[in-house]
>>> print(open('model_8.pdb').read())   # PDB, N, CA, C and O atoms
ATOM      1  N   MET A 286      -0.337  -9.846 -13.378
ATOM      2  CA  MET A 286       0.775  -9.797 -12.447
ATOM      3  C   MET A 286       0.323  -9.115 -11.163
ATOM      4  O   MET A 286      -0.330  -8.091 -11.196
ATOM      5  N   THR A 287       0.671  -9.669 -10.054
ATOM      6  CA  THR A 287       0.315  -9.106  -8.757
ATOM      7  C   THR A 287       1.211  -7.911  -8.442
ATOM      8  O   THR A 287       2.422  -7.985  -8.634
ATOM      9  N   PRO A 288       0.619  -6.795  -7.989
ATOM     10  CA  PRO A 288       1.435  -5.623  -7.661
ATOM     11  C   PRO A 288       2.438  -5.927  -6.558
ATOM     12  O   PRO A 288       2.160  -6.687  -5.643
ATOM     13  N   ALA A 289       3.611  -5.340  -6.661
ATOM     14  CA  ALA A 289       4.619  -5.446  -5.605
ATOM     15  C   ALA A 289       4.544  -4.174  -4.766
ATOM     16  O   ALA A 289       4.345  -3.088  -5.296
ATOM     17  N   ILE A 290       4.672  -4.324  -3.468
ATOM     18  CA  ILE A 290       4.615  -3.165  -2.578
ATOM     19  C   ILE A 290       5.957  -3.048  -1.870
ATOM     20  O   ILE A 290       6.453  -4.011  -1.287
ATOM     21  N   TYR A 291       6.540  -1.853  -1.964
ATOM     22  CA  TYR A 291       7.840  -1.583  -1.356
ATOM     23  C   TYR A 291       7.693  -0.490  -0.313
ATOM     24  O   TYR A 291       6.760   0.296  -0.346
ATOM     25  N   ARG A 292       8.631  -0.443   0.585
ATOM     26  CA  ARG A 292       8.678   0.624   1.587
ATOM     27  C   ARG A 292       9.811   1.560   1.197
ATOM     28  O   ARG A 292      10.956   1.132   1.040
ATOM     29  N   LEU A 293       9.507   2.847   0.983
ATOM     30  CA  LEU A 293      10.498   3.829   0.562
ATOM     31  C   LEU A 293      10.304   5.105   1.362
ATOM     32  O   LEU A 293       9.232   5.715   1.312
ATOM     33  N   PHE A 294      11.315   5.481   2.116
ATOM     34  CA  PHE A 294      11.266   6.688   2.953
ATOM     35  C   PHE A 294      10.054   6.693   3.877
ATOM     36  O   PHE A 294       9.414   7.712   4.091
ATOM     37  N   GLY A 295       9.697   5.522   4.399
ATOM     38  CA  GLY A 295       8.595   5.420   5.349
ATOM     39  C   GLY A 295       7.213   5.315   4.724
ATOM     40  O   GLY A 295       6.223   5.253   5.438
ATOM     41  N   ASP A 296       7.105   5.313   3.400
ATOM     42  CA  ASP A 296       5.815   5.206   2.719
ATOM     43  C   ASP A 296       5.759   3.928   1.887
ATOM     44  O   ASP A 296       6.773   3.492   1.343
ATOM     45  N   ASP A 297       4.560   3.353   1.767
ATOM     46  CA  ASP A 297       4.369   2.205   0.891
ATOM     47  C   ASP A 297       4.248   2.690  -0.547
ATOM     48  O   ASP A 297       3.519   3.644  -0.839
ATOM     49  N   VAL A 298       4.971   2.047  -1.458
ATOM     50  CA  VAL A 298       4.942   2.380  -2.879
ATOM     51  C   VAL A 298       4.568   1.127  -3.648
ATOM     52  O   VAL A 298       5.199   0.086  -3.494
ATOM     53  N   TRP A 299       3.534   1.213  -4.462
ATOM     54  CA  TRP A 299       3.086   0.097  -5.285
ATOM     55  C   TRP A 299       3.791   0.136  -6.624
ATOM     56  O   TRP A 299       3.907   1.191  -7.248
ATOM     57  N   HIS A 300       4.259  -1.006  -7.107
ATOM     58  CA  HIS A 300       4.816  -1.149  -8.457
ATOM     59  C   HIS A 300       3.874  -2.046  -9.236
ATOM     60  O   HIS A 300       3.677  -3.204  -8.880
ATOM     61  N   VAL A 301       3.299  -1.489 -10.305
ATOM     62  CA  VAL A 301       2.340  -2.225 -11.122
ATOM     63  C   VAL A 301       2.733  -2.072 -12.588
ATOM     64  O   VAL A 301       3.015  -0.965 -13.042
ATOM     65  N   ASP A 302       2.791  -3.171 -13.329
ATOM     66  CA  ASP A 302       3.005  -3.107 -14.775
ATOM     67  C   ASP A 302       1.647  -2.959 -15.435
ATOM     68  O   ASP A 302       0.779  -3.821 -15.278
ATOM     69  N   VAL A 303       1.452  -1.849 -16.162
ATOM     70  CA  VAL A 303       0.152  -1.492 -16.716
ATOM     71  C   VAL A 303       0.191  -1.564 -18.238
ATOM     72  O   VAL A 303       1.095  -1.021 -18.863
ATOM     73  N   VAL A 304      -0.807  -2.216 -18.836
ATOM     74  CA  VAL A 304      -0.956  -2.236 -20.294
ATOM     75  C   VAL A 304      -1.585  -0.907 -20.703
ATOM     76  O   VAL A 304      -2.695  -0.598 -20.290
ATOM     77  N   VAL A 305      -0.854  -0.110 -21.481
ATOM     78  CA  VAL A 305      -1.368   1.199 -21.896
ATOM     79  C   VAL A 305      -1.848   1.195 -23.343
ATOM     80  O   VAL A 305      -2.542   2.113 -23.760
ATOM     81  N   ALA A 306      -1.491   0.183 -24.127
ATOM     82  CA  ALA A 306      -1.952   0.076 -25.509
ATOM     83  C   ALA A 306      -1.762  -1.359 -25.982
ATOM     84  O   ALA A 306      -0.960  -2.111 -25.429
ATOM     85  N   ARG A 307      -2.505  -1.712 -27.022
ATOM     86  CA  ARG A 307      -2.375  -3.043 -27.632
ATOM     87  C   ARG A 307      -2.272  -2.894 -29.152
ATOM     88  O   ARG A 307      -3.165  -3.312 -29.882
ATOM     89  N   PRO A 308      -1.171  -2.307 -29.645
ATOM     90  CA  PRO A 308      -1.022  -2.175 -31.094
ATOM     91  C   PRO A 308      -0.695  -3.522 -31.736
ATOM     92  O   PRO A 308       0.139  -4.266 -31.227
ATOM     93  N   GLU A 309      -1.365  -3.808 -32.838
ATOM     94  CA  GLU A 309      -1.090  -5.027 -33.603
ATOM     95  C   GLU A 309      -1.102  -6.279 -32.724
ATOM     96  O   GLU A 309      -0.244  -7.155 -32.840
ATOM     97  N   ASP A 310      -2.048  -6.354 -31.804
ATOM     98  CA  ASP A 310      -2.217  -7.513 -30.910
ATOM     99  C   ASP A 310      -1.018  -7.781 -30.008
ATOM    100  O   ASP A 310      -0.775  -8.905 -29.584
ATOM    101  N   ARG A 311      -0.225  -6.748 -29.733
ATOM    102  CA  ARG A 311       0.882  -6.861 -28.773
ATOM    103  C   ARG A 311       0.600  -5.899 -27.626
ATOM    104  O   ARG A 311       0.050  -4.836 -27.826
ATOM    105  N   GLU A 312       0.978  -6.288 -26.421
ATOM    106  CA  GLU A 312       0.746  -5.424 -25.267
ATOM    107  C   GLU A 312       1.919  -4.482 -25.048
ATOM    108  O   GLU A 312       3.070  -4.914 -24.997
ATOM    109  N   PHE A 313       1.624  -3.190 -24.934
ATOM    110  CA  PHE A 313       2.629  -2.189 -24.610
ATOM    111  C   PHE A 313       2.447  -1.865 -23.134
ATOM    112  O   PHE A 313       1.440  -1.286 -22.734
ATOM    113  N   MET A 314       3.416  -2.265 -22.314
ATOM    114  CA  MET A 314       3.293  -2.126 -20.863
ATOM    115  C   MET A 314       4.282  -1.090 -20.334
ATOM    116  O   MET A 314       5.393  -0.959 -20.844
ATOM    117  N   LEU A 315       3.854  -0.378 -19.304
ATOM    118  CA  LEU A 315       4.715   0.569 -18.602
ATOM    119  C   LEU A 315       4.718   0.234 -17.117
ATOM    120  O   LEU A 315       3.671  -0.082 -16.553
ATOM    121  N   PRO A 316       5.882   0.321 -16.484
ATOM    122  CA  PRO A 316       5.900   0.166 -15.026
ATOM    123  C   PRO A 316       5.420   1.472 -14.385
ATOM    124  O   PRO A 316       5.888   2.544 -14.737
ATOM    125  N   ILE A 317       4.459   1.372 -13.500
ATOM    126  CA  ILE A 317       3.897   2.537 -12.816
ATOM    127  C   ILE A 317       4.161   2.374 -11.321
ATOM    128  O   ILE A 317       3.966   1.294 -10.761
ATOM    129  N   TYR A 318       4.593   3.439 -10.687
ATOM    130  CA  TYR A 318       4.827   3.456  -9.239
ATOM    131  C   TYR A 318       3.856   4.437  -8.604
ATOM    132  O   TYR A 318       3.761   5.590  -9.028
ATOM    133  N   VAL A 319       3.105   3.974  -7.605
ATOM    134  CA  VAL A 319       2.068   4.780  -6.969
ATOM    135  C   VAL A 319       2.259   4.715  -5.459
ATOM    136  O   VAL A 319       2.398   3.629  -4.897
ATOM    137  N   THR A 320       2.229   5.865  -4.799
ATOM    138  CA  THR A 320       2.330   5.877  -3.342
ATOM    139  C   THR A 320       0.952   5.683  -2.716
ATOM    140  O   THR A 320      -0.077   5.918  -3.355
ATOM    141  N   GLU A 321       0.934   5.265  -1.472
ATOM    142  CA  GLU A 321      -0.314   5.046  -0.747
ATOM    143  C   GLU A 321      -1.171   6.310  -0.685
ATOM    144  O   GLU A 321      -2.389   6.226  -0.648
ATOM    145  N   GLN A 322      -0.562   7.483  -0.684
ATOM    146  CA  GLN A 322      -1.320   8.735  -0.598
ATOM    147  C   GLN A 322      -2.221   8.941  -1.813
ATOM    148  O   GLN A 322      -3.173   9.722  -1.756
ATOM    149  N   ALA A 323      -1.944   8.259  -2.932
ATOM    150  CA  ALA A 323      -2.758   8.411  -4.140
ATOM    151  C   ALA A 323      -4.104   7.693  -4.016
ATOM    152  O   ALA A 323      -5.043   8.015  -4.734
ATOM    153  N   PHE A 324      -4.213   6.732  -3.105
ATOM    154  CA  PHE A 324      -5.458   5.992  -2.932
ATOM    155  C   PHE A 324      -6.353   6.729  -1.949
ATOM    156  O   PHE A 324      -5.895   7.284  -0.962
ATOM    157  N   GLN A 325      -7.659   6.710  -2.227
ATOM    158  CA  GLN A 325      -8.598   7.423  -1.365
ATOM    159  C   GLN A 325      -9.541   6.455  -0.668
ATOM    160  O   GLN A 325      -9.908   5.417  -1.217
ATOM    161  N   ASP A 326      -9.933   6.794   0.533
ATOM    162  CA  ASP A 326     -10.959   6.066   1.294
ATOM    163  C   ASP A 326     -10.672   4.577   1.467
ATOM    164  O   ASP A 326     -11.583   3.758   1.454
ATOM    165  N   GLY A 327      -9.401   4.202   1.554
ATOM    166  CA  GLY A 327      -9.054   2.813   1.780
ATOM    167  C   GLY A 327      -9.196   1.915   0.563
ATOM    168  O   GLY A 327      -9.006   0.713   0.649
ATOM    169  N   TRP A 328      -9.545   2.480  -0.591
ATOM    170  CA  TRP A 328      -9.683   1.697  -1.822
ATOM    171  C   TRP A 328      -8.323   1.259  -2.329
ATOM    172  O   TRP A 328      -7.355   1.995  -2.267
ATOM    173  N   ARG A 329      -8.228   0.032  -2.832
ATOM    174  CA  ARG A 329      -7.017  -0.491  -3.461
ATOM    175  C   ARG A 329      -7.428  -1.209  -4.735
ATOM    176  O   ARG A 329      -8.430  -1.927  -4.743
ATOM    177  N   PRO A 330      -6.693  -1.053  -5.824
ATOM    178  CA  PRO A 330      -7.055  -1.759  -7.060
ATOM    179  C   PRO A 330      -6.827  -3.255  -6.921
ATOM    180  O   PRO A 330      -5.954  -3.697  -6.181
ATOM    181  N   THR A 331      -7.618  -4.024  -7.628
ATOM    182  CA  THR A 331      -7.449  -5.469  -7.650
ATOM    183  C   THR A 331      -6.970  -5.891  -9.028
ATOM    184  O   THR A 331      -7.127  -5.160 -10.003
ATOM    185  N   LEU A 332      -6.394  -7.063  -9.110
ATOM    186  CA  LEU A 332      -5.851  -7.581 -10.352
ATOM    187  C   LEU A 332      -6.927  -7.638 -11.431
ATOM    188  O   LEU A 332      -8.016  -8.141 -11.206
ATOM    189  N   GLY A 333      -6.648  -7.046 -12.593
ATOM    190  CA  GLY A 333      -7.578  -7.045 -13.710
ATOM    191  C   GLY A 333      -8.560  -5.898 -13.714
ATOM    192  O   GLY A 333      -9.314  -5.727 -14.668
ATOM    193  N   GLU A 334      -8.586  -5.093 -12.667
ATOM    194  CA  GLU A 334      -9.517  -3.981 -12.573
ATOM    195  C   GLU A 334      -9.026  -2.806 -13.416
ATOM    196  O   GLU A 334      -7.843  -2.492 -13.435
ATOM    197  N   TYR A 335      -9.943  -2.170 -14.133
ATOM    198  CA  TYR A 335      -9.600  -0.979 -14.901
ATOM    199  C   TYR A 335      -9.449   0.208 -13.956
ATOM    200  O   TYR A 335     -10.262   0.395 -13.052
ATOM    201  N   VAL A 336      -8.397   0.968 -14.145
ATOM    202  CA  VAL A 336      -8.169   2.169 -13.354
ATOM    203  C   VAL A 336      -7.860   3.317 -14.307
ATOM    204  O   VAL A 336      -7.496   3.102 -15.457
ATOM    205  N   ASN A 337      -8.007   4.531 -13.824
ATOM    206  CA  ASN A 337      -7.610   5.673 -14.633
ATOM    207  C   ASN A 337      -6.848   6.650 -13.770
ATOM    208  O   ASN A 337      -6.905   6.589 -12.543
ATOM    209  N   GLY A 338      -6.107   7.505 -14.415
ATOM    210  CA  GLY A 338      -5.317   8.487 -13.690
ATOM    211  C   GLY A 338      -4.466   9.279 -14.659
ATOM    212  O   GLY A 338      -4.580   9.144 -15.880
ATOM    213  N   LEU A 339      -3.630  10.113 -14.120
ATOM    214  CA  LEU A 339      -2.731  10.934 -14.914
ATOM    215  C   LEU A 339      -1.297  10.513 -14.630
ATOM    216  O   LEU A 339      -0.952  10.202 -13.499
ATOM    217  N   ALA A 340      -0.482  10.521 -15.668
ATOM    218  CA  ALA A 340       0.927  10.175 -15.497
ATOM    219  C   ALA A 340       1.759  11.021 -16.443
ATOM    220  O   ALA A 340       1.347  11.316 -17.568
ATOM    221  N   TRP A 341       2.933  11.426 -15.992
ATOM    222  CA  TRP A 341       3.900  12.111 -16.841
ATOM    223  C   TRP A 341       4.805  11.032 -17.411
ATOM    224  O   TRP A 341       5.480  10.324 -16.667
ATOM    225  N   VAL A 342       4.807  10.896 -18.731
ATOM    226  CA  VAL A 342       5.613   9.883 -19.393
ATOM    227  C   VAL A 342       6.586  10.604 -20.326
ATOM    228  O   VAL A 342       6.196  11.424 -21.140
ATOM    229  N   GLN A 343       7.862  10.284 -20.177
ATOM    230  CA  GLN A 343       8.872  10.931 -20.989
ATOM    231  C   GLN A 343       9.832   9.863 -21.486
ATOM    232  O   GLN A 343      10.193   8.945 -20.758
ATOM    233  N   GLY A 344      10.239   9.966 -22.732
ATOM    234  CA  GLY A 344      11.165   8.976 -23.266
ATOM    235  C   GLY A 344      11.244   9.089 -24.770
ATOM    236  O   GLY A 344      10.865  10.097 -25.353
ATOM    237  N   TRP A 345      11.720   8.023 -25.389
ATOM    238  CA  TRP A 345      11.796   7.985 -26.851
ATOM    239  C   TRP A 345      11.470   6.583 -27.314
ATOM    240  O   TRP A 345      11.665   5.612 -26.608
ATOM    241  N   MET A 346      10.952   6.494 -28.522
ATOM    242  CA  MET A 346      10.552   5.219 -29.093
ATOM    243  C   MET A 346      11.689   4.706 -29.971
ATOM    244  O   MET A 346      12.262   5.431 -30.761
ATOM    245  N   VAL A 347      12.036   3.450 -29.774
ATOM    246  CA  VAL A 347      13.078   2.797 -30.575
ATOM    247  C   VAL A 347      12.411   1.669 -31.344
ATOM    248  O   VAL A 347      11.730   0.837 -30.771
ATOM    249  N   THR A 348      12.589   1.663 -32.646
ATOM    250  CA  THR A 348      12.045   0.577 -33.450
ATOM    251  C   THR A 348      13.207  -0.267 -33.952
ATOM    252  O   THR A 348      14.306   0.215 -34.165
ATOM    253  N   GLY A 349      12.946  -1.521 -34.123
ATOM    254  CA  GLY A 349      14.059  -2.347 -34.550
ATOM    255  C   GLY A 349      13.653  -3.571 -35.144
ATOM    256  O   GLY A 349      13.295  -4.411 -35.565
TER     257      GLY A 349
END
>>> encode(input="model_8.pdb", output="structure tokens")
Amino acid sequence: MTPAIYRLFGDDVWHVDVVVARPEDREFMLPIYVTEQAFQDGWRPTLGEYVNGLAWVQGWMVTG
């Protein structure tokens, strides 16, 4: 999926759906929002490229 870029409070914000795990051959994806300030030296991720970083994730797991 191609990242979507939004303008919020004068800054560009990237919305990317990231696969964080593949349990039992299913993809577990999280929507990640990143501001332009997080990128260094003009680098931008490309589709399919592996990236790393830190994220605060909070929630609960529902099984059904």
>>> atom_distance(input="model_8.pdb", atom1="atom CA of Ile290 of chain A", atom2="atom CA of Asp310 of chain A")
29.5 Å
>>> select_by_dssp(input="model_8.pdb", residues="chain A", states="strand (DSSP E or B)", output="PyMOL selection string")
chain A and resi 289-293+296-306+313-320
>>> resolve_selection(input="model_8.pdb", expression="the PyMOL selection byres ((chain A and resi 303) around 7)", output="list in words")
Val301, Asp302, Val304, Val305, Ala306, Phe313, Met314, Leu315, Pro316 and Ile317 of chain A
>>> resolve_selection(input="model_8.pdb", expression="the PyMOL selection byres ((chain A and resi 299) around 7)", output="tab-separated table (two decimals) with N, CA, C and O atoms, keeping the file's coordinate frame")
chain	number	residue	atom	x	y	z
A	288	PRO	N	0.62	-6.80	-7.99
A	288	PRO	CA	1.44	-5.62	-7.66
A	288	PRO	C	2.44	-5.93	-6.56
A	288	PRO	O	2.16	-6.69	-5.64
A	289	ALA	N	3.61	-5.34	-6.66
A	289	ALA	CA	4.62	-5.45	-5.60
A	289	ALA	C	4.54	-4.17	-4.77
A	289	ALA	O	4.34	-3.09	-5.30
A	290	ILE	N	4.67	-4.32	-3.47
A	290	ILE	CA	4.62	-3.16	-2.58
A	290	ILE	C	5.96	-3.05	-1.87
A	290	ILE	O	6.45	-4.01	-1.29
A	291	TYR	N	6.54	-1.85	-1.96
A	291	TYR	CA	7.84	-1.58	-1.36
A	291	TYR	C	7.69	-0.49	-0.31
A	291	TYR	O	6.76	0.30	-0.35
A	297	ASP	N	4.56	3.35	1.77
A	297	ASP	CA	4.37	2.20	0.89
A	297	ASP	C	4.25	2.69	-0.55
A	297	ASP	O	3.52	3.64	-0.84
A	298	VAL	N	4.97	2.05	-1.46
A	298	VAL	CA	4.94	2.38	-2.88
A	298	VAL	C	4.57	1.13	-3.65
A	298	VAL	O	5.20	0.09	-3.49
A	300	HIS	N	4.26	-1.01	-7.11
A	300	HIS	CA	4.82	-1.15	-8.46
A	300	HIS	C	3.87	-2.05	-9.24
A	300	HIS	O	3.68	-3.20	-8.88
A	301	VAL	N	3.30	-1.49	-10.30
A	301	VAL	CA	2.34	-2.22	-11.12
A	301	VAL	C	2.73	-2.07	-12.59
A	301	VAL	O	3.02	-0.96	-13.04
A	317	ILE	N	4.46	1.37	-13.50
A	317	ILE	CA	3.90	2.54	-12.82
A	317	ILE	C	4.16	2.37	-11.32
A	317	ILE	O	3.97	1.29	-10.76
A	318	TYR	N	4.59	3.44	-10.69
A	318	TYR	CA	4.83	3.46	-9.24
A	318	TYR	C	3.86	4.44	-8.60
A	318	TYR	O	3.76	5.59	-9.03
A	319	VAL	N	3.10	3.97	-7.60
A	319	VAL	CA	2.07	4.78	-6.97
A	319	VAL	C	2.26	4.72	-5.46
A	319	VAL	O	2.40	3.63	-4.90
A	320	THR	N	2.23	5.86	-4.80
A	320	THR	CA	2.33	5.88	-3.34
A	320	THR	C	0.95	5.68	-2.72
A	320	THR	O	-0.08	5.92	-3.36
A	321	GLU	N	0.93	5.26	-1.47
A	321	GLU	CA	-0.31	5.05	-0.75
A	321	GLU	C	-1.17	6.31	-0.68
A	321	GLU	O	-2.39	6.23	-0.65
>>> atom_distance(input="model_8.pdb", atom1="atom C of Phe324 of chain A", atom2="atom O of Asn337 of chain A")
10.6 Å
>>> atom_distance(input="model_8.pdb", atom1="atom C of Gln325 of chain A", atom2="atom N of Gln343 of chain A")
26.4 Å
